[in-house]
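Have a look at run_6.txt below; it lists compact mmCIF, C-alpha atoms.
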```
# COMPACT_ATOMS: atom_id res chain seq x y z
CA MET A 7 6.54 14.66 21.78
CA ARG A 8 7.48 18.31 21.58
CA ALA A 9 9.30 18.08 24.89
CA TRP A 10 11.13 15.07 23.61
CA SER A 11 12.30 16.83 20.46
CA ASP A 12 13.73 19.49 22.73
CA GLY A 13 15.99 16.82 24.10
CA ASP A 14 14.11 15.84 27.23
CA GLU A 15 15.14 12.28 28.08
CA ALA A 16 12.30 11.78 30.55
CA ALA A 17 9.84 12.78 27.84
CA LEU A 18 11.33 10.11 25.60
CA GLY A 19 10.75 7.58 28.37
CA ARG A 20 7.15 8.67 28.75
CA LEU A 21 6.62 8.45 25.04
CA ALA A 22 8.10 4.97 25.02
CA GLU A 23 5.49 3.88 27.53
CA HIS A 24 2.82 4.82 25.02
CA VAL A 25 4.59 3.35 22.06
CA TYR A 26 5.10 -0.11 23.49
CA PRO A 27 1.44 -1.07 24.00
CA GLU A 28 0.43 0.62 20.76
CA LEU A 29 3.01 -1.35 18.85
CA ARG A 30 1.86 -4.57 20.43
CA LEU A 31 -1.76 -3.91 19.74
CA LEU A 32 -1.21 -2.91 16.14
CA ALA A 33 1.12 -5.83 15.57
CA ARG A 34 -1.62 -8.17 16.69
CA ARG A 35 -4.10 -6.51 14.41
CA TYR A 36 -1.68 -6.82 11.51
CA MET A 37 -1.40 -10.50 12.27
CA LYS A 38 -5.12 -10.90 11.83
CA ASN A 39 -4.99 -9.09 8.51
CA GLU A 40 -2.18 -11.35 7.45
CA ARG A 41 -4.37 -14.33 8.13
CA GLN A 42 -6.89 -12.86 5.75
CA GLY A 43 -4.26 -12.74 3.05
CA ASN A 44 -2.97 -9.20 3.41
CA THR A 45 0.72 -8.61 3.35
CA LEU A 46 2.47 -7.61 6.50
CA GLN A 47 4.64 -4.52 6.42
CA THR A 48 6.76 -3.70 9.42
CA THR A 49 7.48 -0.23 8.18
CA ALA A 50 3.79 0.41 7.72
CA LEU A 51 3.22 -0.79 11.25
CA VAL A 52 5.79 1.52 12.73
CA HIS A 53 4.42 4.40 10.66
CA GLU A 54 0.93 3.76 11.88
CA VAL A 55 1.97 3.79 15.53
CA TYR A 56 3.70 7.03 14.78
CA LEU A 57 0.64 8.58 13.20
CA ARG A 58 -1.50 7.59 16.13
CA LEU A 59 0.77 9.17 18.69
CA VAL A 60 2.15 12.20 17.04
CA ASP A 61 0.90 15.37 15.47
CA VAL A 62 2.80 14.82 12.25
CA THR A 63 2.55 18.35 11.00
CA LYS A 64 4.64 19.59 13.91
CA VAL A 65 7.45 17.13 13.58
CA GLU A 66 10.59 17.24 11.54
CA TRP A 67 11.77 14.35 9.45
CA GLN A 68 14.74 13.96 11.76
CA GLU A 69 12.54 13.44 14.82
CA ARG A 70 10.43 11.04 12.88
CA ALA A 71 13.53 8.98 12.16
CA GLN A 72 14.42 8.98 15.85
CA PHE A 73 10.95 7.81 16.67
CA PHE A 74 11.27 4.93 14.20
CA ALA A 75 14.57 3.99 15.77
CA MET A 76 12.93 3.79 19.17
CA ALA A 77 10.06 1.75 17.76
CA ALA A 78 12.55 -0.65 16.17
CA GLN A 79 14.20 -1.17 19.53
CA MET A 80 10.83 -1.94 21.07
CA MET A 81 9.88 -4.27 18.31
CA ARG A 82 13.08 -6.15 19.02
CA ARG A 83 12.17 -6.43 22.69
CA ILE A 84 8.61 -7.50 21.98
CA LEU A 85 9.70 -10.25 19.60
CA VAL A 86 12.58 -11.48 21.72
CA ASP A 87 10.49 -11.53 24.90
CA ALA A 88 7.80 -13.43 23.07
CA ALA A 89 10.29 -15.92 21.65
CA ARG A 90 11.79 -16.43 25.12
CA ALA A 91 8.37 -16.86 26.69
CA ARG A 92 7.43 -19.43 24.11
CA GLY A 93 10.69 -21.23 24.63
CA SER A 94 10.11 -21.59 28.36
CA GLU A 95 6.45 -22.41 27.79
CA LYS A 96 7.49 -25.35 25.63
CA ARG A 97 9.80 -26.70 28.28
CA GLY A 98 7.07 -27.04 30.86
CA GLY A 99 3.41 -26.54 31.51
CA MET A 100 1.01 -25.22 28.92
CA THR A 101 0.39 -26.81 25.58
CA PRO A 102 1.46 -24.25 23.02
CA LYS A 103 -0.75 -23.42 20.11
CA LEU A 104 1.12 -24.46 16.99
CA ASN A 105 0.55 -22.79 13.68
CA ILE A 106 2.73 -25.17 11.78
CA ASP A 107 1.20 -24.41 8.43
CA GLU A 108 1.98 -20.72 8.73
CA THR A 109 5.33 -20.57 10.44
CA ALA A 110 7.20 -23.66 9.35
CA VAL A 111 7.49 -22.41 5.81
CA LEU A 112 8.83 -19.04 6.88
CA SER A 113 11.68 -20.21 9.02
CA PRO A 114 12.64 -23.60 10.39
CA ALA A 115 12.97 -22.48 14.00
CA PRO A 116 11.93 -18.86 14.23
CA ASP A 117 11.80 -18.61 18.01
CA ARG A 118 15.24 -20.04 18.52
CA SER A 119 16.75 -18.03 15.73
CA ILE A 120 15.27 -14.78 17.03
CA VAL A 121 16.69 -15.31 20.50
CA ALA A 122 20.03 -16.44 19.07
CA LEU A 123 20.17 -13.48 16.72
CA ASP A 124 19.34 -11.09 19.54
CA GLU A 125 22.19 -12.48 21.62
CA ALA A 126 24.61 -12.40 18.73
CA LEU A 127 23.57 -8.84 17.96
CA THR A 128 24.11 -7.75 21.55
CA ALA A 129 27.61 -9.23 21.49
CA PHE A 130 28.28 -7.67 18.09
CA SER A 131 27.19 -4.24 19.34
CA GLN A 132 30.11 -4.28 21.79
CA LEU A 133 32.48 -4.43 18.85
CA ALA A 134 30.54 -2.46 16.30
CA PRO A 135 27.78 -0.34 17.79
CA ARG A 136 26.80 1.50 14.63
CA GLN A 137 26.72 -1.62 12.49
CA ALA A 138 24.62 -3.38 15.12
CA LYS A 139 22.20 -0.45 15.17
CA VAL A 140 21.74 -0.74 11.42
CA VAL A 141 20.67 -4.35 11.93
CA GLU A 142 18.27 -3.41 14.70
CA LEU A 143 16.61 -0.76 12.55
CA ARG A 144 16.41 -2.84 9.43
CA TYR A 145 15.77 -6.33 10.75
CA PHE A 146 13.73 -5.64 13.87
CA GLY A 147 12.23 -2.30 12.88
CA GLY A 148 11.74 -3.02 9.19
CA LEU A 149 12.99 0.45 8.32
CA THR A 150 14.02 1.35 4.80
CA GLU A 151 17.58 2.28 3.94
CA GLU A 152 16.58 5.94 3.63
CA GLU A 153 15.02 5.91 7.08
CA ILE A 154 18.17 4.40 8.52
CA VAL A 155 20.23 7.11 6.83
CA ALA A 156 18.09 9.73 8.58
CA ALA A 157 18.00 7.98 11.95
CA LEU A 158 21.72 7.35 12.23
CA LYS A 159 22.92 10.33 10.20
CA ILE A 160 25.18 8.22 8.04
CA SER A 161 25.44 7.87 4.27
CA LEU A 162 23.50 5.39 2.21
CA ARG A 163 26.76 3.74 1.26
CA THR A 164 27.65 3.23 4.91
CA VAL A 165 24.20 1.80 5.63
CA ARG A 166 24.66 -0.76 2.87
CA ARG A 167 28.22 -1.65 3.83
CA ASP A 168 27.32 -1.95 7.50
CA TRP A 169 24.38 -4.15 6.68
CA ASN A 170 26.41 -6.48 4.46
CA LEU A 171 29.15 -6.94 6.99
CA ALA A 172 26.84 -7.23 9.98
CA LYS A 173 24.66 -9.77 8.24
CA ALA A 174 27.64 -11.93 7.27
CA TRP A 175 28.97 -11.62 10.82
CA LEU A 176 25.70 -12.57 12.48
CA LEU A 177 24.95 -15.42 10.10
CA ARG A 178 28.39 -16.79 10.83
CA GLU A 179 27.82 -16.49 14.58
CA LEU A 180 24.46 -18.20 14.25
CA SER A 181 25.98 -21.06 12.32
CA HIS A 182 28.40 -21.53 15.22
CA THR A 183 25.72 -21.52 17.88
CA THR A 184 23.25 -23.72 16.04
CA ALA A 185 25.87 -26.23 14.96
CA GLU A 186 25.84 -29.47 16.89
CA PRO A 187 29.01 -30.80 18.57
CA SER A 188 30.29 -32.02 15.23
CA GLY A 189 30.29 -28.41 13.96
CA ARG A 190 33.30 -26.22 13.85
CA GLN A 191 34.66 -24.62 16.95
CA ALA A 192 34.32 -20.90 17.50
CA MET B 26 38.39 -9.35 19.99
CA THR B 27 39.50 -5.75 20.14
CA PRO B 28 37.75 -2.93 18.25
CA ASP B 29 41.00 -2.42 16.36
CA ARG B 30 40.97 -5.99 15.17
CA PHE B 31 37.36 -5.59 14.17
CA ARG B 32 38.23 -2.53 12.09
CA GLN B 33 40.92 -4.50 10.26
CA ILE B 34 38.43 -7.24 9.50
CA GLU B 35 35.86 -4.72 8.35
CA GLU B 36 38.28 -2.93 6.08
CA LEU B 37 39.56 -6.08 4.44
CA TYR B 38 36.06 -7.49 4.09
CA HIS B 39 34.77 -4.45 2.21
CA ALA B 40 37.89 -4.23 0.05
CA ALA B 41 37.72 -7.93 -0.80
CA ARG B 42 34.02 -7.85 -1.57
CA GLY B 43 34.46 -5.17 -4.16
CA ALA B 44 37.52 -6.80 -5.70
CA THR B 45 38.07 -9.17 -8.60
CA VAL B 46 39.23 -12.71 -7.88
CA ASP B 47 42.88 -11.81 -8.51
CA GLU B 48 42.72 -8.62 -6.49
CA ARG B 49 41.08 -10.49 -3.65
CA ALA B 50 43.81 -13.12 -3.65
CA ALA B 51 46.44 -10.37 -3.51
CA LEU B 52 44.67 -8.63 -0.62
CA MET B 53 44.35 -11.86 1.31
CA ALA B 54 47.99 -12.75 0.76
CA LYS B 55 49.00 -9.55 2.53
CA ALA B 56 46.87 -10.25 5.61
CA ASP B 57 48.02 -12.30 8.56
CA PRO B 58 46.58 -15.85 8.70
CA GLU B 59 44.08 -15.14 11.45
CA LEU B 60 42.74 -12.03 9.75
CA ARG B 61 42.52 -13.94 6.49
CA ARG B 62 40.55 -16.72 8.13
CA GLU B 63 38.14 -14.26 9.69
CA VAL B 64 37.47 -12.40 6.46
CA GLU B 65 37.21 -15.55 4.36
CA SER B 66 34.62 -16.99 6.71
CA LEU B 67 32.61 -13.78 6.41
CA LEU B 68 32.87 -13.73 2.64
CA ALA B 69 31.65 -17.31 2.58
CA GLU B 70 28.31 -16.29 4.07
CA PRO B 71 25.49 -15.92 1.55
CA ILE B 72 24.72 -12.40 0.37
CA GLY B 73 21.03 -12.53 -0.43
CA GLY B 74 17.90 -14.50 0.19
CA GLU B 75 18.63 -15.05 3.84
CA PHE B 76 16.00 -14.89 6.56
CA MET B 77 17.56 -11.62 7.66
CA ASP B 78 16.49 -9.95 4.46
CA ARG B 79 12.93 -10.12 5.68
CA PRO B 80 12.09 -8.17 8.82
CA ALA B 81 11.86 -10.26 11.99
CA PHE B 82 8.21 -9.43 12.22
CA GLN B 83 7.55 -11.27 8.99
CA ASN B 84 9.75 -14.19 9.85
CA ALA B 85 7.97 -14.90 13.08
CA PRO B 86 4.55 -13.24 13.07
CA HIS B 87 3.21 -15.92 15.40
CA LEU B 88 5.32 -14.44 18.18
CA LEU B 89 3.14 -11.38 18.26
CA GLU B 90 0.05 -13.47 18.57
CA ASP B 91 0.90 -16.25 20.90
CA SER B 92 2.71 -14.09 23.35
CA THR B 93 -0.32 -12.01 24.09
CA VAL B 94 -3.08 -14.52 23.57
CA ASN B 95 -3.49 -17.67 25.56
CA ASP B 96 -5.98 -19.33 23.25
CA LEU B 97 -6.94 -22.05 25.66
CA SER B 98 -8.41 -24.99 23.85
CA ALA B 99 -11.70 -26.66 24.67
CA GLY B 100 -11.36 -29.14 27.51
CA PHE B 101 -8.53 -27.27 29.20
CA CYS B 102 -9.14 -26.96 32.93
CA LEU B 103 -8.40 -23.75 34.75
CA GLY B 104 -8.81 -24.96 38.30
CA PRO B 105 -12.41 -26.17 38.49
CA TYR B 106 -13.40 -24.45 35.23
CA ARG B 107 -13.38 -26.48 32.06
CA ILE B 108 -13.02 -24.32 28.95
CA GLU B 109 -15.65 -24.81 26.27
CA SER B 110 -15.11 -22.05 23.75
CA LYS B 111 -13.79 -18.55 23.34
CA ILE B 112 -16.34 -15.77 23.49
CA GLY B 113 -14.11 -12.82 22.83
CA GLU B 114 -10.80 -11.09 23.39
CA GLY B 115 -9.52 -7.66 24.11
CA GLY B 116 -6.39 -5.80 25.08
CA MET B 117 -6.36 -7.13 28.61
CA GLY B 118 -7.39 -10.71 28.10
CA GLU B 119 -9.73 -13.24 26.64
CA VAL B 120 -13.15 -14.39 27.67
CA TYR B 121 -14.16 -18.03 27.50
CA LYS B 122 -17.35 -19.89 27.99
CA ALA B 123 -16.57 -22.52 30.60
CA ARG B 124 -18.19 -25.00 32.92
CA ASP B 125 -17.81 -24.98 36.66
CA THR B 126 -17.20 -28.68 37.25
CA ARG B 127 -18.15 -28.46 40.94
CA LEU B 128 -21.37 -26.52 40.70
CA HIS B 129 -22.27 -27.74 37.22
CA ARG B 130 -23.11 -24.35 35.92
CA GLU B 131 -21.96 -22.29 32.99
CA VAL B 132 -19.60 -19.43 33.70
CA ALA B 133 -17.66 -16.85 31.74
CA VAL B 134 -13.95 -16.95 32.52
CA LYS B 135 -11.82 -13.96 31.77
CA VAL B 136 -8.15 -14.88 31.41
CA LEU B 137 -5.26 -12.47 31.61
CA PRO B 138 -2.61 -13.13 28.93
CA GLN B 139 0.48 -14.83 30.32
CA SER B 140 2.70 -12.11 29.00
CA PHE B 141 0.78 -9.67 31.14
CA ALA B 142 0.98 -11.87 34.18
CA LYS B 143 3.36 -9.53 35.93
CA GLU B 144 2.88 -8.01 39.34
CA ALA B 145 1.35 -4.73 38.19
CA ALA B 146 -1.10 -6.27 35.77
CA ARG B 147 -2.06 -8.92 38.26
CA GLU B 148 -2.70 -6.32 40.88
CA ARG B 149 -4.90 -4.39 38.49
CA PHE B 150 -6.75 -7.54 37.59
CA GLN B 151 -7.44 -8.39 41.20
CA ARG B 152 -8.52 -4.84 41.91
CA GLU B 153 -10.97 -5.11 39.06
CA ALA B 154 -12.22 -8.37 40.47
CA ARG B 155 -12.72 -6.84 43.91
CA ALA B 156 -14.47 -3.83 42.45
CA ALA B 157 -16.76 -5.94 40.31
CA SER B 158 -17.58 -8.34 43.12
CA ALA B 159 -18.72 -5.44 45.28
CA LEU B 160 -21.37 -4.53 42.72
CA ASN B 161 -24.70 -6.12 42.27
CA HIS B 162 -26.59 -4.93 39.25
CA PRO B 163 -28.46 -6.77 36.49
CA ASN B 164 -26.19 -5.36 33.81
CA ILE B 165 -22.97 -6.19 35.59
CA CYS B 166 -21.75 -9.74 35.69
CA ALA B 167 -21.47 -11.18 39.16
CA VAL B 168 -17.93 -12.23 40.03
CA TYR B 169 -17.85 -15.80 41.28
CA ASP B 170 -14.18 -16.41 41.68
CA VAL B 171 -10.74 -14.97 41.10
CA GLY B 172 -7.60 -17.05 41.01
CA GLU B 173 -4.68 -18.37 39.09
CA ALA B 174 -4.14 -21.76 37.49
CA ALA B 175 -1.31 -23.01 35.28
CA GLY B 176 0.17 -19.52 35.25
CA HIS B 177 -3.04 -17.87 34.05
CA PRO B 178 -4.66 -15.32 36.32
CA PHE B 179 -8.41 -15.63 35.77
CA LEU B 180 -11.74 -14.26 36.80
CA ALA B 181 -14.91 -16.36 36.78
CA GLN B 182 -18.12 -14.47 36.22
CA SER B 183 -21.74 -15.07 35.60
CA SER B 184 -22.27 -15.94 31.97
CA ARG B 185 -25.81 -14.63 31.89
CA SER B 186 -25.06 -11.09 30.82
CA ASN B 187 -23.82 -9.81 27.53
CA PRO B 188 -20.23 -11.03 27.22
CA THR B 189 -19.18 -7.78 25.57
CA ALA B 190 -19.84 -6.07 28.90
CA PHE B 191 -16.46 -7.16 30.09
CA ARG B 192 -14.48 -6.97 26.93
CA ARG B 193 -11.99 -4.22 26.65
```
Output the structure of this file as structure tokens.
Amino acid sequence: MRAWSDGDEAALGRLAEHVYPELRLLARRYMKNERQGNTLQTTALVHEVYLRLVDVTKVEWQERAQFFAMAAQMMRRILVDAARARGSEKRGGMTPKLNIDETAVLSPAPDRSIVALDEALTAFSQLAPRQAKVVELRYFGGLTEEEIVAALKISLRTVRRDWNLAKAWLLRELSHTTAEPSGRQA
Amino acid sequence: MTPDRFRQIEELYHAARGATVDERAALMAKADPELRREVESLLAEPIGGEFMDRPAFQNAPHLLEDSTVNDLSAGFCLGPYRIESKIGEGGMGEVYKARDTRLHREVAVKVLPQSFAKEAARERFQREARAASALNHPNICAVYDVGEAAGHPFLAQSSRSNPTAFRR
């Protein structure tokens, strides 16, 4: 962690190796809590991973924000990989376990929309890298606006504007991709 | 689309969002038709209450569960082993009580999650199986079988010992 804050890229990679399994494990534990009626907080999750891996007293706020940004990126990968895996699982082989009561109310087709959003976001990042990063941090990482300000070193106003535009952009893209042949052409 | 074009869209979008109806109409009138269409379609998207306002994690919490846990249901057959119930789970897999349909005996089957079913994890799993099978001790479960069925790498062990002995 110290090496990383000194700008060592390899150290960042090593840290990432620790973060990924931690994030997964904690996410699963959070899921169990959720079942028992506790509310799920992505930010809390990311913070907890952070606390487990880092000697907080030695780290600046700025580094903390960078850490959250990395965790958000991983969360995106974890969720998208899982959504993809489930998608292919449904097409052949294993019977998937369906939690209809829990997930149907949250989103009509969460797996599909996560994969579609990920793809739209990747395309969007070619045009607007900063705006796309704001979405990654907020939507996938669950970071607060203040944390995004610190991670990207931009103003609160820019965070809000970027989010508004990016959200409209992505929702529009998603409505293109999910529309059936009768829908409008892109 | 070019980054320049994107910047024009962005600029007009933000200006139009903060404008009154009349101001917006005036701004739009100045833009070329394609730019106007782009910005209008963005402005038409809802501002709040969308699924994106909740973090992905909350929208699809099941993804975190199902991707790492197989949760085989009773009656599912992993090769010759018919699953009866789950005994436990840990970071590297789940343990089920199962029946060996050939030898008609009860076994404990440890199943590696599908998401972990990559080369490295599989190798580690098989190494563990080889190591365990080389041991013979009352407190260590005897390894009967190691294999893969329906995409699940598994390990069949004696069910006589404490199942927690091979939880992680």
> Which of these, B:Ser158, B:Ser110, B:Ser66, B:Gln182, has the shortest distance to chain A once you count all atoms listed in the file?
Replying inline: B:Ser66
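Shortest separation to chain B among A:Glu152, A:Asp87, A:Glu125, A:Glu54 occurs at residue A:Asp87, atoms counted being all atoms listed in the file.
In this model, the gap between CA of Leu67 (chain B) and CA of Arg178 (chain A) comes to 6.8 Å.
The protein and nucleic acid residues lying at most 10 Å from Met53 (chain B) are B:Leu37, B:Tyr38, B:Ala41, B:Asp47, B:Glu48, B:Pro58, B:Leu60, B:Arg61, B:Arg62, B:Val64, B:Glu65, with all atoms listed in the file considered and sequence neighbours fewer than 5 positions away removed.
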> Which one of B:Lys55, B:Arg107, B:Arg124, B:Arg79 sits closest to chain A if you count all atoms listed in the file?
Replying inline: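 Nearest to chain A: B:Arg79.
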> Restricting the calculation to all atoms listed in the file, which member of B:Val120, B:Ser183, B:Ala175, B:Ala133 is positioned closest to chain A?
Replying inline: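 The shortest atom-to-atom distance to chain A comes from B:Ala175.
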Would you list the contacts of Ser131 (chain A) as a PDB file with C-alpha atoms, keeping the file's coordinate frame, taking every protein, DNA or RNA residue within 12 Å and counting all atoms listed in the file, but skipping same-chain residues closer than 4 positions in sequence?
```
ATOM      1  CA  LEU A 123      20.170 -13.480  16.720  1.00  0.00           C
ATOM      2  CA  ASP A 124      19.340 -11.090  19.540  1.00  0.00           C
ATOM      3  CA  GLU A 125      22.190 -12.480  21.620  1.00  0.00           C
ATOM      4  CA  ALA A 126      24.610 -12.400  18.730  1.00  0.00           C
ATOM      5  CA  LEU A 127      23.570  -8.840  17.960  1.00  0.00           C
ATOM      6  CA  PRO A 135      27.780  -0.340  17.790  1.00  0.00           C
ATOM      7  CA  ARG A 136      26.800   1.500  14.630  1.00  0.00           C
ATOM      8  CA  GLN A 137      26.720  -1.620  12.490  1.00  0.00           C
ATOM      9  CA  ALA A 138      24.620  -3.380  15.120  1.00  0.00           C
ATOM     10  CA  LYS A 139      22.200  -0.450  15.170  1.00  0.00           C
ATOM     11  CA  VAL A 140      21.740  -0.740  11.420  1.00  0.00           C
ATOM     12  CA  VAL A 141      20.670  -4.350  11.930  1.00  0.00           C
ATOM     13  CA  GLU A 142      18.270  -3.410  14.700  1.00  0.00           C
ATOM     14  CA  ALA A 172      26.840  -7.230   9.980  1.00  0.00           C
ATOM     15  CA  TRP A 175      28.970 -11.620  10.820  1.00  0.00           C
ATOM     16  CA  LEU A 176      25.700 -12.570  12.480  1.00  0.00           C
TER      17      LEU A 176
ATOM     18  CA  PRO B  28      37.750  -2.930  18.250  1.00  0.00           C
ATOM     19  CA  PHE B  31      37.360  -5.590  14.170  1.00  0.00           C
TER      20      PHE B  31
END
```
> So what do you get for CA of Ala71 (chain A) versus CA of Glu36 (chain B), distance-wise?
Replying inline: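 Computing it gives 28.1 Å between the two atoms.
Note that CA of Glu153 (chain A) and CA of Phe76 (chain B) are 20.8 Å apart.
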>> Could you list, as a PyMOL selection string, every residue within 7 Å of Val121 (chain A), counting only C-alpha atoms and ignoring same-chain residues fewer than 3 positions away?
In response: chain A and resi 86+89-90+117-118+124-125
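Proximity of B:Glu59, B:Asn84, B:Arg42, B:Ala54 to chain A, computed with only C-alpha atoms, is greatest for B:Asn84.
Between Ala174 (chain A) and the residues A:Leu158, A:Phe130, A:Ser119, A:Phe146, the shortest atom-to-atom distance, using only C-alpha atoms, involves A:Phe130.
The protein and nucleic acid residues lying at most 10 Å from Gln72 (chain A) are Ser11, Ala78, Glu153, Ile154, Ala156, Ala157 and Leu158 of chain A, with only C-alpha atoms considered and sequence neighbours fewer than 6 positions away removed.
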> Which polymer residues have any atom within 9 Å of an atom of Val136 (chain B), counting all atoms listed in the file, with same-chain residues fewer than 4 positions away left out, as a list of chain:residue names?
Replying inline: B:Asn95, B:Met117, B:Gly118, B:Glu119, B:Val120, B:Tyr121, B:His177, B:Pro178, B:Phe179, B:Leu180, B:Ala181
